[in-house]
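Below: upload-v1.txt (compact mmCIF, C-alpha atoms)
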# COMPACT_ATOMS: atom_id res chain seq x y z
CA MET K 1340 0.00 0.00 0.00
CA PRO K 1341 1.55 3.36 -1.04
CA GLU K 1342 1.94 5.80 1.82
CA TYR K 1343 2.43 9.55 1.76
CA ALA K 1344 2.92 12.43 4.12
CA LEU K 1345 -0.02 14.69 3.30
CA TYR K 1346 0.75 18.38 2.91
CA PRO K 1347 -2.62 20.06 2.16
CA GLY K 1348 -1.34 23.67 2.38
CA CYS K 1349 -3.04 26.66 4.02
CA LEU K 1350 -5.49 27.58 1.27
CA VAL K 1351 -6.92 24.06 1.02
CA SER K 1352 -6.93 23.43 4.78
CA TYR K 1353 -8.52 26.70 5.80
CA ARG K 1354 -10.57 27.96 2.89
CA TYR K 1355 -11.30 25.08 0.54
CA PRO K 1356 -11.39 21.99 2.79
CA HIS K 1357 -13.73 20.28 0.32
CA LEU K 1358 -10.66 19.75 -1.88
CA GLU K 1359 -8.92 17.93 0.97
CA LEU K 1360 -12.12 15.94 1.48
CA ALA K 1361 -12.09 14.78 -2.16
CA VAL K 1362 -8.44 13.72 -1.92
CA ARG K 1363 -9.10 11.78 1.28
CA LYS K 1364 -12.01 10.01 -0.44
CA ILE K 1365 -10.08 8.97 -3.53
CA THR K 1366 -7.07 7.77 -1.56
CA GLU K 1367 -9.43 5.70 0.59
CA THR K 1368 -10.89 4.01 -2.48
CA LEU K 1369 -7.50 3.53 -4.13
CA ASN K 1370 -5.95 2.03 -1.01
CA VAL K 1371 -3.43 4.78 -0.45
CA ARG K 1372 -2.52 5.68 3.11
CA LEU K 1373 -2.11 9.34 4.05
CA GLU K 1374 -0.34 10.44 7.20
CA ASP K 1375 -0.70 14.01 8.48
CA MET K 1376 2.39 16.15 8.95
CA GLU K 1377 2.78 17.87 12.32
CA GLY K 1378 3.87 21.45 12.93
CA THR K 1379 4.42 22.44 9.29
CA SER K 1380 4.40 26.07 8.18
CA CYS K 1381 3.15 27.59 4.93
CA CYS K 1382 5.17 25.92 2.14
CA PRO K 1383 6.13 29.04 1.88
CA GLU K 1384 4.27 30.28 -1.13
CA PRO K 1385 6.51 30.67 -4.18
CA GLN K 1386 5.54 34.16 -5.28
CA GLY K 1387 5.27 36.57 -2.34
CA ILE K 1388 7.60 34.95 0.17
CA GLN K 1389 10.20 33.94 -2.41
CA SER K 1390 10.15 37.47 -3.82
CA THR K 1391 10.61 38.84 -0.32
CA ASP K 1392 13.51 36.67 0.81
CA LYS K 1393 14.66 33.62 -1.09
CA ARG K 1394 16.87 32.30 1.71
CA THR K 1395 14.02 32.27 4.26
CA TRP K 1396 11.77 30.71 1.64
CA MET K 1397 14.27 27.95 1.03
CA ALA K 1398 15.03 27.29 4.70
CA LEU K 1399 11.37 27.02 5.72
CA ALA K 1400 10.57 24.78 2.75
CA ALA K 1401 13.51 22.58 3.75
CA ARG K 1402 12.11 22.43 7.29
CA ASN K 1403 8.76 21.17 5.94
CA ILE K 1404 10.59 18.58 3.83
CA ALA K 1405 12.67 17.53 6.85
CA ILE K 1406 9.44 16.78 8.76
CA ALA K 1407 8.42 14.32 6.01
CA GLU K 1408 11.94 12.87 5.95
CA GLU K 1409 11.59 12.08 9.64
CA MET K 1410 8.34 10.27 8.79
CA GLY K 1411 10.16 8.41 6.02
CA LYS K 1412 7.50 9.24 3.44
CA ASP K 1413 7.20 11.13 0.17
CA ILE K 1414 5.15 14.32 0.37
CA LEU K 1415 1.79 14.54 -1.37
CA THR K 1416 0.69 18.11 -2.17
CA LEU K 1417 -2.75 19.29 -3.30
CA CYS K 1418 -1.74 22.74 -4.47
CA ASN K 1419 0.46 23.95 -7.32
CA GLY K 1420 2.14 26.53 -5.12
CA CYS K 1421 3.07 24.02 -2.42
CA PHE K 1422 4.17 21.60 -5.11
CA GLU K 1423 6.47 24.06 -6.82
CA THR K 1424 8.01 25.34 -3.60
CA LEU K 1425 8.60 21.97 -1.98
CA LYS K 1426 9.65 20.18 -5.15
CA SER K 1427 11.96 22.89 -6.44
CA VAL K 1428 13.64 23.39 -3.06
CA ASN K 1429 13.97 19.63 -2.68
CA VAL K 1430 15.56 19.30 -6.14
CA ARG K 1431 17.78 22.38 -5.82
CA LEU K 1432 19.16 21.33 -2.44
CA LYS K 1433 19.88 17.86 -3.79
CA ARG K 1434 21.63 19.31 -6.86
CA HIS K 1435 23.62 22.06 -5.16
CA PRO K 1436 25.65 21.02 -2.09
CA GLU K 1437 26.55 24.62 -1.23
CA LEU K 1438 22.86 25.57 -0.96
CA LYS K 1439 22.20 22.48 1.14
CA GLU K 1440 25.05 23.35 3.48
CA ASP K 1441 23.75 26.89 3.96
CA VAL K 1442 20.19 25.71 4.61
CA ASN K 1443 21.36 23.02 7.03
CA GLN K 1444 23.29 25.61 9.01
CA ILE K 1445 20.03 27.49 9.47
CA LEU K 1446 18.08 24.31 10.27
CA ALA K 1447 20.69 23.28 12.85
CA THR K 1448 19.40 26.06 15.11
CA ILE K 1449 16.16 24.12 15.50
CA ASP K 1450 17.82 20.67 15.49
CA LYS K 1451 16.60 19.75 12.07
CA GLU K 1452 18.45 18.62 8.97
CA PHE K 1453 17.61 18.37 5.29
CA LYS K 1454 18.93 15.02 4.15
CA GLY K 1455 17.45 14.68 0.66
CA THR K 1456 15.87 11.28 1.20
CA ILE K 1457 12.31 11.80 -0.07
CA ARG K 1458 10.45 13.01 -3.16
CA VAL K 1459 7.71 15.60 -3.52
CA LYS K 1460 4.61 14.67 -5.48
CA ASN K 1461 1.37 16.20 -6.56
CA ILE K 1462 -1.97 14.45 -6.72
CA ILE K 1463 -1.38 13.67 -10.42
CA HIS K 1464 1.76 11.65 -9.61
CA LEU K 1465 -0.24 9.38 -7.35
CA PHE K 1466 -1.26 7.42 -10.41
CA ASP K 1467 2.32 6.70 -11.43
CA ASP K 1468 2.67 4.88 -8.13
CA ILE K 1469 -0.59 2.92 -8.00
CA GLY K 1470 -0.89 2.23 -11.70
CA ILE K 1471 -3.39 3.66 -14.13
CA SER K 1472 -5.03 0.29 -14.76
CA THR K 1473 -5.76 -0.25 -11.07
CA MET K 1474 -7.53 3.05 -11.06
CA HIS K 1475 -9.36 2.38 -14.29
CA LEU K 1476 -10.99 -0.69 -12.80
CA LYS K 1477 -12.42 1.34 -9.94
CA ILE K 1478 -14.34 3.80 -12.14
CA GLU K 1479 -18.00 3.28 -11.38
CA LYS K 1480 -19.66 6.28 -12.91
CA PRO K 1481 -17.89 7.51 -16.07
CA MET K 1482 -18.32 11.28 -16.37
CA THR K 1483 -19.19 11.14 -20.07
CA HIS K 1484 -21.36 14.28 -19.97
CA ILE K 1485 -18.36 16.41 -19.06
CA ARG K 1486 -16.43 18.33 -21.72
CA THR K 1487 -13.73 20.15 -19.87
CA ALA K 1488 -11.07 22.80 -20.39
CA VAL K 1489 -7.99 21.50 -18.59
CA HIS K 1490 -6.12 24.22 -16.73
CA TYR K 1491 -2.75 23.03 -15.41
CA GLY K 1492 -1.66 26.18 -13.61
CA CYS K 1493 1.82 27.68 -13.96
CA HIS K 1494 3.52 25.96 -11.06
CA MET K 1495 2.49 22.51 -12.19
CA LEU K 1496 4.51 23.05 -15.38
CA ARG K 1497 7.33 25.49 -14.85
CA PRO K 1498 10.27 25.39 -14.22
CA SER K 1499 9.98 22.23 -16.32
CA ASP K 1500 13.52 20.93 -15.80
CA ILE K 1501 13.10 20.99 -12.02
CA LEU K 1502 9.47 19.83 -11.92
CA GLU K 1503 10.30 17.10 -14.46
CA VAL K 1504 7.56 18.03 -16.90
CA VAL K 1505 7.67 16.83 -20.51
CA ALA K 1506 6.54 19.33 -23.15
CA ALA K 1507 5.54 22.06 -20.69
CA ASP K 1508 4.25 24.24 -23.55
CA ARG K 1509 1.86 21.52 -24.72
CA PRO K 1510 1.22 19.44 -21.61
CA THR K 1511 -0.96 16.32 -21.78
CA MET K 1512 -0.56 14.47 -18.47
CA LEU K 1513 -3.67 15.90 -16.84
CA ASP K 1514 -5.67 15.55 -20.07
CA HIS K 1515 -4.99 11.82 -19.99
CA LEU K 1516 -6.05 11.55 -16.37
CA VAL K 1517 -9.24 13.46 -17.19
CA GLU K 1518 -10.00 10.99 -20.00
CA LEU K 1519 -9.70 8.20 -17.49
CA THR K 1520 -12.75 9.52 -15.63
CA GLY K 1521 -14.77 9.35 -18.86
CA ALA K 1522 -14.76 13.14 -19.31
CA LYS K 1523 -13.55 14.69 -22.54
CA PRO K 1524 -10.78 17.29 -22.45
CA VAL K 1525 -11.21 20.01 -25.08
CA GLU K 1526 -8.57 22.29 -26.56
CA TYR K 1527 -8.70 26.04 -26.03
CA GLU K 1528 -6.47 29.03 -26.56
CA GLY K 1529 -4.05 30.03 -23.81
CA LYS K 1530 -4.12 26.67 -22.08
CA VAL K 1531 -0.83 27.21 -20.24
CA HIS K 1532 -1.54 30.84 -19.33
CA CYS K 1533 -1.69 32.14 -15.78
CA CYS K 1534 -5.08 32.67 -14.06
CA GLY K 1535 -4.01 36.04 -12.64
CA TYR K 1536 -4.08 35.07 -8.96
CA PRO K 1537 -0.51 36.12 -8.05
CA VAL K 1538 -1.09 39.85 -8.60
CA ARG K 1539 -4.54 40.03 -6.98
CA ASN K 1540 -3.24 42.21 -4.13
CA PHE K 1541 -0.77 44.22 -6.20
CA ASP K 1542 -3.12 45.17 -9.04
CA PRO K 1543 -6.66 43.79 -8.58
CA GLU K 1544 -7.87 45.04 -11.95
CA LEU K 1545 -4.99 43.39 -13.83
CA SER K 1546 -5.59 40.17 -11.93
CA LEU K 1547 -9.27 40.15 -12.90
CA ARG K 1548 -8.43 40.97 -16.51
CA LEU K 1549 -6.18 37.92 -16.76
CA ALA K 1550 -8.94 35.79 -15.23
CA HIS K 1551 -11.39 37.30 -17.73
CA ASP K 1552 -9.14 36.45 -20.69
CA LYS K 1553 -8.83 32.88 -19.51
CA LEU K 1554 -12.60 32.52 -19.01
CA PHE K 1555 -13.25 34.18 -22.37
CA ASN K 1556 -11.08 31.62 -24.16
CA ILE K 1557 -12.75 28.76 -22.32
CA GLN K 1558 -16.22 30.12 -23.09
CA ARG K 1559 -15.33 30.09 -26.82
CA SER K 1560 -14.31 26.44 -26.65
CA ALA K 1561 -16.62 23.44 -26.45
CA ALA K 1562 -16.05 23.02 -22.71
CA ASN K 1563 -18.82 23.05 -20.11
CA CYS K 1564 -16.43 23.30 -17.17
CA ILE K 1565 -12.80 23.71 -16.08
CA THR K 1566 -10.65 21.01 -14.50
CA LEU K 1567 -7.75 22.28 -12.44
CA LEU K 1568 -5.24 21.23 -9.80
CA CYS K 1569 -4.66 24.30 -7.68
CA PRO K 1570 -6.73 26.01 -4.97
CA CYS K 1571 -5.38 29.40 -6.08
CA CYS K 1572 -6.68 28.88 -9.62
CA PHE K 1573 -9.90 27.54 -8.05
CA SER K 1574 -10.23 30.76 -6.09
CA THR K 1575 -9.84 32.76 -9.31
CA PHE K 1576 -12.25 30.77 -11.46
CA ASP K 1577 -14.89 29.86 -8.89
CA THR K 1578 -14.86 32.36 -6.00
CA ARG K 1579 -14.00 35.37 -8.13
CA GLN K 1580 -15.95 34.60 -11.30
CA ALA K 1581 -18.88 36.76 -10.15
CA LEU K 1582 -16.45 39.63 -9.58
CA VAL K 1583 -15.07 39.18 -13.09
CA ASN K 1584 -18.64 39.35 -14.41
CA ARG K 1585 -19.42 42.51 -12.42
CA THR K 1586 -16.16 44.19 -13.46
CA PHE K 1587 -16.35 43.48 -17.18
CA GLY K 1588 -20.11 43.21 -17.71
CA THR K 1589 -19.78 39.59 -18.81
CA SER K 1590 -22.05 36.66 -17.93
CA PHE K 1591 -19.64 33.75 -17.59
CA ASN K 1592 -21.12 30.74 -15.89
CA ILE K 1593 -18.26 28.23 -16.05
CA PRO K 1594 -17.94 25.81 -13.14
CA SER K 1595 -14.61 24.37 -11.96
CA PHE K 1596 -13.65 20.90 -10.78
CA HIS K 1597 -10.50 20.14 -8.88
CA TYR K 1598 -9.25 16.97 -10.56
CA ALA K 1599 -9.67 15.09 -7.26
CA GLU K 1600 -13.37 16.00 -7.23
CA LEU K 1601 -13.92 14.87 -10.80
CA LEU K 1602 -12.21 11.58 -10.07
CA ALA K 1603 -14.07 11.10 -6.77
CA LEU K 1604 -17.39 11.48 -8.62
CA ALA K 1605 -16.26 8.94 -11.22
CA LEU K 1606 -15.26 6.59 -8.41
CA GLY K 1607 -18.88 6.69 -7.25
CA TYR K 1608 -18.96 9.32 -4.48
CA THR K 1609 -22.04 11.54 -4.40
CA PRO K 1610 -21.93 15.35 -4.63
CA GLU K 1611 -23.16 15.47 -1.00
CA GLU K 1612 -20.32 13.27 0.23
CA LEU K 1613 -17.89 15.62 -1.50
CA ALA K 1614 -19.54 18.83 -0.21
CA LEU K 1615 -19.72 20.12 -3.79
CA ASP K 1616 -22.22 22.76 -2.65
CA ARG K 1617 -19.11 24.71 -1.56
CA HIS K 1618 -18.68 25.72 -5.22
CA ARG K 1619 -20.09 29.15 -6.08
CA VAL K 1620 -20.60 28.31 -9.76
CA LYS K 1621 -22.83 25.26 -9.82
CA LEU K 1622 -21.39 22.12 -11.36
CA PRO K 1623 -22.85 20.01 -14.20
CA LEU K 1624 -23.45 16.84 -12.19
CA MET B 269 23.65 42.42 -3.95
CA THR B 270 22.67 38.83 -4.64
CA LYS B 271 24.79 36.25 -6.41
CA ALA B 272 22.78 36.20 -9.63
CA ILE B 273 22.94 39.94 -10.02
CA LYS B 274 26.69 39.90 -9.37
CA LEU B 275 27.06 37.25 -12.04
CA TYR B 276 25.17 39.44 -14.45
CA LYS B 277 27.33 42.44 -13.71
CA GLU B 278 30.36 40.34 -14.52
CA ASP B 279 29.01 38.50 -17.53
CA PHE B 280 25.83 39.69 -19.22
CA SER B 281 26.65 37.98 -22.49
CA PHE B 282 24.25 35.05 -22.11
CA CYS B 283 21.36 37.27 -23.18
CA PHE B 284 21.36 38.39 -26.80
CA ARG B 285 18.04 40.23 -26.50
CA CYS B 286 16.08 38.09 -28.92
CA GLY B 287 12.91 38.97 -27.02
CA MET B 288 11.56 35.44 -26.67
CA CYS B 289 10.98 36.09 -22.95
CA SER B 290 9.00 39.26 -23.60
CA SER B 291 6.97 37.63 -26.35
CA GLY B 292 5.53 35.18 -23.84
CA CYS B 293 4.91 37.65 -21.03
CA LEU B 294 1.23 38.13 -20.15
CA VAL B 295 1.92 41.40 -18.32
CA PHE B 296 4.39 42.82 -20.86
CA ASP B 297 2.32 46.00 -21.30
CA GLU B 298 2.39 46.71 -17.58
CA PHE B 299 6.15 46.64 -17.10
CA ASP B 300 8.39 49.70 -17.31
CA TYR B 301 11.33 47.30 -17.64
CA LYS B 302 10.42 44.61 -20.16
CA PRO B 303 11.71 41.10 -19.48
CA HIS B 304 14.31 41.20 -22.28
CA GLU B 305 15.65 44.49 -20.94
CA ILE B 306 16.40 43.17 -17.49
CA PRO B 307 19.73 41.38 -18.08
CA LEU B 308 21.20 44.39 -19.84
CA THR B 309 19.87 46.75 -17.19
CA LEU B 310 21.63 44.67 -14.56
CA ALA B 311 24.86 44.90 -16.53
CA PHE B 312 24.87 48.56 -17.51
CA GLY B 313 21.75 50.22 -16.19
CA ASP B 314 20.75 52.06 -13.05
CA ILE B 315 20.00 49.28 -10.59
CA GLN B 316 18.65 51.68 -7.98
CA LYS B 317 15.99 52.79 -10.44
CA LEU B 318 15.17 49.19 -11.26
CA ILE B 319 14.71 48.03 -7.67
CA SER B 320 12.64 51.07 -6.72
CA ASN B 321 10.32 50.54 -9.70
CA LYS B 322 6.93 49.46 -8.40
CA LYS B 323 5.95 47.67 -11.61
CA ILE B 324 8.45 44.84 -11.00
CA TRP B 325 5.93 43.52 -8.46
CA LEU B 326 3.44 42.81 -11.24
CA CYS B 327 5.43 39.78 -12.40
CA LEU B 328 3.10 36.78 -12.22
CA THR B 329 6.05 34.44 -11.63
CA CYS B 330 4.44 32.19 -14.23
CA LEU B 331 8.05 31.52 -15.37
CA THR B 332 7.16 31.51 -19.07
CA CYS B 333 10.10 33.85 -19.78
CA SER B 334 12.67 31.56 -18.16
CA GLU B 335 11.11 28.58 -19.90
CA ARG B 336 11.36 30.17 -23.35
CA CYS B 337 14.89 31.55 -23.20
CA PRO B 338 17.12 29.80 -25.75
CA GLN B 339 20.18 30.85 -23.73
CA GLY B 340 19.04 29.48 -20.40
CA VAL B 341 18.69 32.89 -18.77
CA GLU B 342 16.26 32.59 -15.89
CA VAL B 343 14.62 35.98 -16.25
CA ALA B 344 11.93 35.41 -13.61
CA GLU B 345 14.62 34.19 -11.19
CA LEU B 346 16.63 37.34 -11.81
CA LEU B 347 13.54 39.42 -11.15
CA MET B 348 13.05 37.49 -7.92
CA ASP B 349 16.59 38.45 -6.84
CA ILE B 350 15.89 42.05 -7.81
CA LYS B 351 12.78 42.01 -5.62
CA ASN B 352 14.78 40.50 -2.73
CA ASP B 353 17.18 43.43 -3.12
CA ALA B 354 14.28 45.89 -3.28
CA ILE B 355 13.01 44.62 0.09
CA LYS B 356 16.50 44.89 1.61
CA ALA B 357 16.73 48.47 0.35
CA GLY B 358 13.40 49.28 2.01
CA PHE B 359 11.08 49.31 -1.01
CA VAL B 360 8.35 47.17 0.52
CA PRO B 361 4.92 47.14 -1.18
CA ASP B 362 1.96 46.96 1.23
CA PRO B 363 0.76 43.48 0.15
CA VAL B 364 4.26 42.12 0.82
CA ARG B 365 4.37 43.63 4.30
CA GLU B 366 0.89 42.33 5.14
CA GLU B 367 1.69 38.83 3.98
CA ALA B 368 5.06 38.78 5.76
CA LEU B 369 3.53 39.91 9.06
CA LEU B 370 0.79 37.29 8.86
CA PHE B 371 3.43 34.69 8.07
CA ILE B 372 5.62 35.76 11.01
CA ASP B 373 2.73 35.78 13.48
CA SER B 374 0.93 32.61 12.40
CA GLY B 375 3.36 30.54 10.30
CA VAL B 376 0.88 30.50 7.42
CA VAL B 377 -0.27 33.06 4.82
CA VAL B 378 -4.00 32.28 4.89
CA PRO B 379 -5.69 32.87 8.25
CA TYR B 380 -7.36 29.98 10.10
CA THR B 381 -10.76 31.41 10.99
CA ALA B 382 -13.90 30.31 12.82
CA ALA B 383 -15.44 29.71 9.39
CA SER B 384 -12.56 27.35 8.45
CA LYS B 385 -13.13 25.40 11.64
CA ARG B 386 -16.90 25.17 11.03
CA MET B 387 -16.47 24.01 7.42
CA ARG B 388 -14.01 21.31 8.46
CA GLN B 389 -16.33 20.09 11.20
CA GLN B 390 -19.24 19.87 8.78
CA MET B 391 -17.09 17.78 6.47
CA LYS B 392 -15.92 15.62 9.38
CA LEU B 393 -12.29 16.51 8.71
CA THR B 394 -9.86 16.48 11.62
CA GLU B 395 -8.29 19.68 12.97
CA PRO B 396 -5.46 20.84 10.70
CA THR B 397 -1.95 20.81 12.15
CA THR B 398 -0.87 23.79 14.23
CA PRO B 399 2.31 25.37 12.85
CA ASN B 400 5.24 25.08 15.25
CA ILE B 401 5.57 28.83 15.54
CA GLU B 402 8.66 28.75 17.79
CA GLU B 403 10.71 26.84 15.23
CA ILE B 404 9.35 28.88 12.35
CA GLN B 405 10.14 32.22 14.01
CA LYS B 406 13.57 30.97 15.02
CA ILE B 407 14.41 30.36 11.35
CA MET B 408 13.00 33.77 10.45
CA GLU B 409 15.22 35.35 13.10
CA VAL B 410 18.33 33.57 11.85
CA THR B 411 17.76 34.72 8.27
CA GLY B 412 16.77 38.23 9.36
CA PHE B 413 13.27 37.97 7.85
CA TYR B 414 11.66 38.49 11.27
CA TYR B 415 13.47 41.73 12.15
CA ARG B 416 13.07 43.19 8.67
CA PHE B 417 9.32 43.43 9.22
CA LYS B 418 8.91 43.57 12.97
CA LYS B 419 11.42 46.39 13.40
CA LYS B 420 9.71 48.54 10.81
CA GLU B 421 6.35 47.96 12.42
CA SER B 422 7.46 49.10 15.87
CA MET B 423 8.97 52.28 14.40
CA GLU B 424 5.68 53.36 12.87

Can you present the structure in this file as structure tokens?
Amino acid sequence: MPEYALYPGCLVSYRYPHLELAVRKITETLNVRLEDMEGTSCCPEPQGIQSTDKRTWMALAARNIAIAEEMGKDILTLCNGCFETLKSVNVRLKRHPELKEDVNQILATIDKEFKGTIRVKNIIHLFDDIGISTMHLKIEKPMTHIRTAVHYGCHMLRPSDILEVVAADRPTMLDHLVELTGAKPVEYEGKVHCCGYPVRNFDPELSLRLAHDKLFNIQRSAANCITLLCPCCFSTFDTRQALVNRTFGTSFNIPSFHYAELLALALGYTPEELALDRHRVKLPL
Amino acid sequence: MTKAIKLYKEDFSFCFRCGMCSSGCLVFDEFDYKPHEIPLTLAFGDIQKLISNKKIWLCLTCLTCSERCPQGVEVAELLMDIKNDAIKAGFVPDPVREEALLFIDSGVVVPYTAASKRMRQQMKLTEPTTPNIEEIQKIMEVTGFYYRFKKKESME
């Protein structure tokens, strides 16, 4: 039975716990054991905190990784931001001994050490470990009525050499996983573009405009919903869609699935069990 | 001055200003310094002007520029170093200060509220882990992150 140290991240834990719920449901069905991590901090998030002080960002990420190392388990993240931070710090410290030495000097003050013994994974890498065919057999309710625009989110793809992504400008890994649920991924313009979330506090209008452009492109495609991986993108497309509509006089009505939710439905869970009423834009169920 | 910027002052020749980075930038129009202008600015330009420029904070860190560069110049990474230097020099945008203070006080950047607790209970999820704030603040003290924000606050 595969086992992971679960790192849900602050946004999922505190604001969108229904995403954590969906992940706990699918891992239960797929016989994957999750163990909670104790005392972790924010990953720290790769935009604001890294822009503020890279060394603090790296040291605190290494501390979170060290907690999982003590547990002897790979980390499972549910958020693109957490994934990029933890994975890129993990990879960089393994590749560059001088960075590792510096970080370990900082960690020594709290009796911790980064050893480089584990890997960092996102929910989509779960299926590399348990096998796609195992999962295929568990699909009870194929989501054939879903035509979805797949939104990867920046930090699932880039930096591609560190995150080990093939063809980051034309990614397909999530599209394949979507097909597995019976849903049909559809192509649209600007698939690998940013949702606008990172600048929401620096320039709210710019942030909404980027979200608008993304929604506009999806509206023009054949999709009836969005499938994504990141709670930040979820916040943009679901929570803030009404604000986009008010700001630009549009009438978008495009619901969003986290991939874990789409899969959980296909595995036979009901919308009630998944608390899907937490979505502002109602889903095609 | 950070290592990457030093490297660029010494050897800016990696970038031949083909503009691939700028061609992929979603916020190109917003910037005063366009992505392809950054390496050369670091080599020959006025760095003080660059780090005090507020528009550098509009970078989405989507990393498309770094990804596209045929010369392996990590433009977004350079901009990250520039922003680190901006903070050290005292150019701290309000959203950065707010996030940093929340991070220092709570160990996270999204607050855990009564509503979070209620939602989790309704979904029968266990209490989320409490950040070990002592360890977290200790690291922030060692790197100087803590004093950079706390000192400024007490002076106000």

Worksheet item: Do you know which residues are at most 12 Å from Phe413 (chain B) counting all atoms listed in the file, after dropping those on the same chain fewer than 6 positions away, and could you put them as a list of chain:residue names?
Response: K:Ile1388, K:Gln1389, K:Thr1391, K:Asp1392, K:Lys1393, K:Arg1394, K:Thr1395, K:Trp1396, K:Ala1398, K:Leu1399, B:Asn352, B:Ile355, B:Lys356, B:Arg365, B:Ala368, B:Leu369, B:Phe371, B:Ile372, B:Ile404, B:Gln405, B:Lys406, B:Ile407, B:Lys419, B:Lys420

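Residue nearest chain B, chosen from K:Leu1601, K:Ile1565, K:Ala1550, K:Leu1446 and counting all atoms listed in the file: K:Leu1446.
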
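Surrounding residues of (2.9, 25.7, -11.5) at most 7 Å away are Asn1419, Gly1420, Glu1423, Gly1492, Cys1493, His1494, Met1495, Leu1496 and Arg1497 of chain K (based on only C-alpha atoms).
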
Please, which residues in chain B fall within 7 Å of chain K when counting all atoms listed in the file, and what is the closest atom pair and distance in Å to one decimal for each, ordered by chain then residue number, as JSON lines?
{"residue": "B:Leu326", "atom": "CA", "partner": "K:Val1538", "partner_atom": "CA", "distance": 6.0}
{"residue": "B:Leu328", "atom": "CA", "partner": "K:Pro1537", "partner_atom": "CA", "distance": 5.6}
{"residue": "B:Thr329", "atom": "CA", "partner": "K:Gln1386", "partner_atom": "CA", "distance": 6.4}
{"residue": "B:Cys330", "atom": "CA", "partner": "K:Cys1493", "partner_atom": "CA", "distance": 5.2}
{"residue": "B:Leu331", "atom": "CA", "partner": "K:Arg1497", "partner_atom": "CA", "distance": 6.1}
{"residue": "B:Glu335", "atom": "CA", "partner": "K:Pro1498", "partner_atom": "CA", "distance": 6.6}
{"residue": "B:Met348", "atom": "CA", "partner": "K:Ser1390", "partner_atom": "CA", "distance": 5.0}
{"residue": "B:Lys351", "atom": "CA", "partner": "K:Ser1390", "partner_atom": "CA", "distance": 5.5}
{"residue": "B:Asn352", "atom": "CA", "partner": "K:Thr1391", "partner_atom": "CA", "distance": 5.1}
{"residue": "B:Ile355", "atom": "CA", "partner": "K:Thr1391", "partner_atom": "CA", "distance": 6.3}
{"residue": "B:Pro363", "atom": "CA", "partner": "K:Asn1540", "partner_atom": "CA", "distance": 6.0}
{"residue": "B:Val364", "atom": "CA", "partner": "K:Gly1387", "partner_atom": "CA", "distance": 6.5}
{"residue": "B:Gly375", "atom": "CA", "partner": "K:Ser1380", "partner_atom": "CA", "distance": 5.1}
{"residue": "B:Val376", "atom": "CA", "partner": "K:Cys1381", "partner_atom": "CA", "distance": 4.5}
{"residue": "B:Val377", "atom": "CA", "partner": "K:Cys1381", "partner_atom": "CA", "distance": 6.5}
{"residue": "B:Val378", "atom": "CA", "partner": "K:Cys1349", "partner_atom": "CA", "distance": 5.8}
{"residue": "B:Tyr380", "atom": "CA", "partner": "K:Tyr1353", "partner_atom": "CA", "distance": 5.5}
{"residue": "B:Ser384", "atom": "CA", "partner": "K:Tyr1353", "partner_atom": "CA", "distance": 4.9}
{"residue": "B:Arg388", "atom": "CA", "partner": "K:Pro1356", "partner_atom": "CA", "distance": 6.3}
{"residue": "B:Pro396", "atom": "CA", "partner": "K:Ser1352", "partner_atom": "CA", "distance": 6.6}
{"residue": "B:Thr397", "atom": "CA", "partner": "K:Glu1377", "partner_atom": "CA", "distance": 5.6}
{"residue": "B:Thr398", "atom": "CA", "partner": "K:Gly1378", "partner_atom": "CA", "distance": 5.4}
{"residue": "B:Pro399", "atom": "CA", "partner": "K:Gly1378", "partner_atom": "CA", "distance": 4.2}
{"residue": "B:Asn400", "atom": "CA", "partner": "K:Gly1378", "partner_atom": "CA", "distance": 4.5}
{"residue": "B:Glu403", "atom": "CA", "partner": "K:Ile1449", "partner_atom": "CA", "distance": 6.1}
{"residue": "B:Ile407", "atom": "CA", "partner": "K:Ile1445", "partner_atom": "CA", "distance": 6.6}
{"residue": "B:Met408", "atom": "CA", "partner": "K:Thr1395", "partner_atom": "CA", "distance": 6.5}
{"residue": "B:Val410", "atom": "CA", "partner": "K:Ile1445", "partner_atom": "CA", "distance": 6.7}
{"residue": "B:Thr411", "atom": "CA", "partner": "K:Thr1395", "partner_atom": "CA", "distance": 6.0}
{"residue": "B:Phe413", "atom": "CA", "partner": "K:Thr1395", "partner_atom": "CA", "distance": 6.8}

Worksheet item: Which residues, written as a VMD selection string, have at least one atom at most 7 Å from Ile1478 (chain K), with all atoms listed in the file counted and residues fewer than 4 positions away on the same chain left out?
Response: chain K and resid 1474 1520 1605 to 1606

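Taking CA of Thr1586 (chain K) and CA of Leu1554 (chain K) as endpoints, the distance between them is 13.4 Å.
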
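The shortest atom-to-atom distance to Phe296 (chain B), with all atoms listed in the file taken into account, belongs to B:Ile324 out of B:Ile324, B:Met387, B:Val341, B:Ala382.
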
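The closest residue to His1475 (chain K), picked from K:Glu1367, K:Asp1441, K:Asp1552, K:Glu1518 and counting only C-alpha atoms, is K:Glu1518.
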
Spatial neighbours of Val1362 (chain K), 8 Å, only C-alpha atoms, chain gap at least 2 places, as a short mmCIF file (atom, residue, chain, number, x, y, z; two decimals) with C-alpha atoms, in the frame of the given file:
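Final file, result.cif:
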data_model
loop_
_atom_site.label_atom_id
_atom_site.label_comp_id
_atom_site.auth_asym_id
_atom_site.auth_seq_id
_atom_site.Cartn_x
_atom_site.Cartn_y
_atom_site.Cartn_z
CA LEU K 1358 -10.66 19.75 -1.88
CA GLU K 1359 -8.92 17.93 0.97
CA LEU K 1360 -12.12 15.94 1.48
CA LYS K 1364 -12.01 10.01 -0.44
CA ILE K 1365 -10.08 8.97 -3.53
CA THR K 1366 -7.07 7.77 -1.56
CA ALA K 1599 -9.67 15.09 -7.26
CA GLU K 1600 -13.37 16.00 -7.23
CA ALA K 1603 -14.07 11.10 -6.77
#
